[in-house]
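To start, the structure itself, in structure tokens.
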Amino acid sequence: MSAELLADLAAEEERLQFTRFDNDVALALGMFLMDAARERELPVVVSVRRGQQRLFHAALPGTAADNDAWIERKSRVVDRYGRSSYYVGTSFRVRGKTFEEASRLDPTEYAAHGGVFPVIVSGVGPVGTVGVSGLPQAEDHAFVVEQVEAFLASSAQRTT
């Protein structure tokens, strides 16, 4: 893991910010990810939360209850650090440490593996999470970032 990857992950968080985030945006975002995952036949669970409230959660074929647990553990990392779960795990690896040992957090409750991204509202900061679980961590992360970017560019998130 390199410091360059860490910089790229931080740049994603700076770039991918919402102008607003409410229940309607959360539902549209969740459906946007589900449609893309279905189209690619990806075995993922999709979750969108505001704070601790789950606003969208759905599972595609090929997933299991373990994916639900993974997404919860990754979401707790984003809630605690305000950064993507992949960024947090990478930041520990760049320092030559493991999240599980160095964070001193219970690994049954927290997982710094890719796939959950902070929902950041411009001028406000992190207000929730959007994530997937079911693919290798770098692929989970890449899919979420790609879809959030496409969603923000679409008319689905623009204010009227």
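If you're wondering about the labels, chains in the structure tokens are A, B, ... by order shown, residues count from 1 in each chain, ligands from 1 in order shown.
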
If you count only C-alpha atoms, which residues fall within 12 Å of Glu12 of chain A, apart from same-chain ones fewer than 5 positions away, as an NGL selection string? :A and (5-7 or 17 or 83-84 or 86-87 or 117-120 or 141-142 or 144-146 or 148-149)

Could you give me, as number ranges by chain, the residues within 6 Å of segment 127-134 of chain A, counting only C-alpha atoms and dropping anything in the same chain fewer than 5 positions from it? A: 43-51, 67, 71, 115-120, 140

Output the selection as a tab-separated table (two decimals), in the first residue's frame - all heavy atoms for each residue.
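Contents of the output file result-v9.tsv:
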```
chain	number	residue	atom	x	y	z
A	43	PRO	N	-22.90	-9.94	-6.88
A	43	PRO	CA	-23.49	-10.47	-5.65
A	43	PRO	C	-23.16	-9.54	-4.48
A	43	PRO	O	-22.23	-9.79	-3.71
A	43	PRO	CB	-22.80	-11.83	-5.50
A	43	PRO	CG	-21.43	-11.59	-6.10
A	43	PRO	CD	-21.65	-10.61	-7.22
A	44	VAL	N	-23.92	-8.45	-4.35
A	44	VAL	CA	-23.62	-7.48	-3.30
A	44	VAL	C	-24.86	-7.13	-2.48
A	44	VAL	O	-25.99	-7.26	-2.95
A	44	VAL	CB	-23.02	-6.16	-3.86
A	44	VAL	CG1	-21.65	-6.41	-4.49
A	44	VAL	CG2	-23.96	-5.48	-4.83
A	45	VAL	N	-24.58	-6.68	-1.27
A	45	VAL	CA	-25.56	-6.03	-0.41
A	45	VAL	C	-25.29	-4.55	-0.54
A	45	VAL	O	-24.12	-4.12	-0.55
A	45	VAL	CB	-25.40	-6.49	1.05
A	45	VAL	CG1	-26.18	-5.60	2.00
A	45	VAL	CG2	-25.83	-7.94	1.21
A	46	VAL	N	-26.34	-3.74	-0.65
A	46	VAL	CA	-26.22	-2.29	-0.74
A	46	VAL	C	-26.87	-1.68	0.49
A	46	VAL	O	-27.97	-2.08	0.88
A	46	VAL	CB	-26.90	-1.74	-2.01
A	46	VAL	CG1	-26.87	-0.21	-2.03
A	46	VAL	CG2	-26.25	-2.30	-3.26
A	47	SER	N	-26.18	-0.72	1.10
A	47	SER	CA	-26.71	-0.05	2.28
A	47	SER	C	-26.48	1.45	2.17
A	47	SER	O	-25.39	1.89	1.76
A	47	SER	CB	-26.02	-0.59	3.54
A	47	SER	OG	-26.45	0.11	4.69
A	48	VAL	N	-27.49	2.24	2.53
A	48	VAL	CA	-27.37	3.69	2.61
A	48	VAL	C	-27.94	4.10	3.96
A	48	VAL	O	-29.05	3.71	4.32
A	48	VAL	CB	-28.13	4.41	1.47
A	48	VAL	CG1	-27.95	5.92	1.57
A	48	VAL	CG2	-27.68	3.90	0.11
A	49	ARG	N	-27.15	4.87	4.71
A	49	ARG	CA	-27.58	5.31	6.04
A	49	ARG	C	-27.38	6.81	6.20
A	49	ARG	O	-26.48	7.39	5.60
A	49	ARG	CB	-26.78	4.60	7.13
A	49	ARG	CG	-26.95	3.11	7.15
A	49	ARG	CD	-26.15	2.44	8.26
A	49	ARG	NE	-24.84	3.05	8.40
A	49	ARG	CZ	-24.22	3.26	9.57
A	49	ARG	NH1	-24.78	2.91	10.70
A	49	ARG	NH2	-23.04	3.81	9.62
A	50	ARG	N	-28.21	7.40	7.03
A	50	ARG	CA	-27.99	8.77	7.51
A	50	ARG	C	-27.82	8.62	9.00
A	50	ARG	O	-28.72	8.14	9.69
A	50	ARG	CB	-29.18	9.68	7.19
A	50	ARG	CG	-28.90	11.14	7.61
A	50	ARG	CD	-30.09	12.05	7.41
A	50	ARG	NE	-31.22	11.54	8.16
A	50	ARG	CZ	-32.43	11.34	7.63
A	50	ARG	NH1	-32.67	11.61	6.38
A	50	ARG	NH2	-33.40	10.87	8.38
A	51	GLY	N	-26.64	9.01	9.51
A	51	GLY	CA	-26.36	8.77	10.92
A	51	GLY	C	-26.48	7.27	11.19
A	51	GLY	O	-25.95	6.46	10.44
A	67	ASN	N	-22.60	-10.83	4.61
A	67	ASN	CA	-22.43	-9.55	3.92
A	67	ASN	C	-23.10	-8.41	4.70
A	67	ASN	O	-22.57	-7.30	4.75
A	67	ASN	CB	-22.98	-9.61	2.50
A	67	ASN	CG	-22.24	-10.61	1.66
A	67	ASN	OD1	-22.80	-11.64	1.30
A	67	ASN	ND2	-20.98	-10.34	1.35
A	71	ILE	N	-21.02	-5.16	6.13
A	71	ILE	CA	-21.38	-3.78	5.81
A	71	ILE	C	-21.60	-2.97	7.09
A	71	ILE	O	-21.23	-1.80	7.17
A	71	ILE	CB	-22.57	-3.70	4.83
A	71	ILE	CG1	-22.40	-2.48	3.94
A	71	ILE	CG2	-23.90	-3.68	5.52
A	71	ILE	CD1	-23.19	-2.56	2.66
A	115	GLY	N	-15.33	-0.62	0.81
A	115	GLY	CA	-16.71	-0.86	0.43
A	115	GLY	C	-17.72	0.12	1.00
A	115	GLY	O	-18.82	0.19	0.50
A	116	VAL	N	-17.36	0.87	2.04
A	116	VAL	CA	-18.29	1.85	2.59
A	116	VAL	C	-17.64	3.23	2.49
A	116	VAL	O	-16.48	3.42	2.86
A	116	VAL	CB	-18.71	1.52	4.03
A	116	VAL	CG1	-19.62	2.62	4.59
A	116	VAL	CG2	-19.44	0.17	4.07
A	117	PHE	N	-18.41	4.16	1.97
A	117	PHE	CA	-17.94	5.51	1.66
A	117	PHE	C	-18.78	6.51	2.46
A	117	PHE	O	-19.98	6.31	2.62
A	117	PHE	CB	-18.12	5.75	0.15
A	117	PHE	CG	-17.33	6.89	-0.40
A	117	PHE	CD1	-15.98	6.74	-0.70
A	117	PHE	CD2	-17.93	8.13	-0.61
A	117	PHE	CE1	-15.25	7.80	-1.22
A	117	PHE	CE2	-17.21	9.18	-1.13
A	117	PHE	CZ	-15.86	9.02	-1.43
A	118	PRO	N	-18.15	7.58	2.95
A	118	PRO	CA	-18.95	8.56	3.69
A	118	PRO	C	-19.84	9.37	2.76
A	118	PRO	O	-19.44	9.73	1.66
A	118	PRO	CB	-17.89	9.46	4.34
A	118	PRO	CG	-16.70	9.35	3.45
A	118	PRO	CD	-16.73	7.95	2.88
A	119	VAL	N	-21.05	9.63	3.20
A	119	VAL	CA	-21.93	10.58	2.52
A	119	VAL	C	-21.57	11.93	3.12
A	119	VAL	O	-21.83	12.17	4.30
A	119	VAL	CB	-23.42	10.25	2.73
A	119	VAL	CG1	-24.28	11.38	2.18
A	119	VAL	CG2	-23.78	8.93	2.07
A	120	ILE	N	-20.93	12.75	2.31
A	120	ILE	CA	-20.45	14.06	2.77
A	120	ILE	C	-21.29	15.14	2.10
A	120	ILE	O	-21.42	15.15	0.88
A	120	ILE	CB	-18.96	14.26	2.43
A	120	ILE	CG1	-18.12	13.15	3.07
A	120	ILE	CG2	-18.48	15.64	2.86
A	120	ILE	CD1	-16.69	13.08	2.57
A	140	ASP	N	-15.20	-3.63	-4.09
A	140	ASP	CA	-16.32	-3.01	-3.38
A	140	ASP	C	-16.16	-1.49	-3.39
A	140	ASP	O	-17.08	-0.75	-3.73
A	140	ASP	CB	-16.36	-3.48	-1.92
A	140	ASP	CG	-17.14	-4.76	-1.68
A	140	ASP	OD1	-17.83	-5.26	-2.60
A	140	ASP	OD2	-17.07	-5.27	-0.53
```

Excluding Arg76 of chain A and its own-chain neighbours fewer than 2 positions away, which residues fall within 9 Å of it when counting only C-alpha atoms? Please give them as a ChimeraX atom specification. /A:71-74,78-81,85,109-111

Between A:Gly114, A:Met31, A:Glu41, A:Ala26, single out the one closest to Arg54 of chain A, counting only C-alpha atoms.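 Answer, going by the shortest atom-to-atom distance: A:Ala26.
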
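Contact shell of Gly123 of chain A at 12 Å (only C-alpha atoms; same-chain neighbours under 6 positions omitted): Glu14, Gln17, Phe18, Thr19 and Arg20 of chain A.
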
Output file for the selection above: N, CA, C and O atoms, as a short mmCIF file (atom, residue, chain, number, x, y, z; two decimals), in the first residue's frame:
```cif
data_model
loop_
_atom_site.label_atom_id
_atom_site.label_comp_id
_atom_site.auth_asym_id
_atom_site.auth_seq_id
_atom_site.Cartn_x
_atom_site.Cartn_y
_atom_site.Cartn_z
N GLU A 14 -12.95 14.32 -1.24
CA GLU A 14 -13.05 15.76 -1.50
C GLU A 14 -13.95 16.04 -2.70
O GLU A 14 -14.72 16.99 -2.72
N GLN A 17 -19.01 14.95 -3.10
CA GLN A 17 -19.81 15.50 -2.03
C GLN A 17 -21.20 15.86 -2.54
O GLN A 17 -21.37 16.28 -3.68
N PHE A 18 -22.17 15.71 -1.67
CA PHE A 18 -23.57 15.97 -1.98
C PHE A 18 -23.91 17.42 -1.65
O PHE A 18 -23.31 18.02 -0.76
N THR A 19 -24.91 17.96 -2.34
CA THR A 19 -25.41 19.29 -2.00
C THR A 19 -26.48 19.19 -0.92
O THR A 19 -26.70 20.13 -0.17
N ARG A 20 -27.14 18.04 -0.86
CA ARG A 20 -28.15 17.77 0.17
C ARG A 20 -28.27 16.25 0.31
O ARG A 20 -27.88 15.49 -0.59
#
```

Which value, in Å to one decimal, gives the distance between atom CA of Ala69 of chain A and atom CA of Phe32 of chain A?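 For atom CA of Ala69 of chain A relative to atom CA of Phe32 of chain A, the distance reads 22.0 Å.
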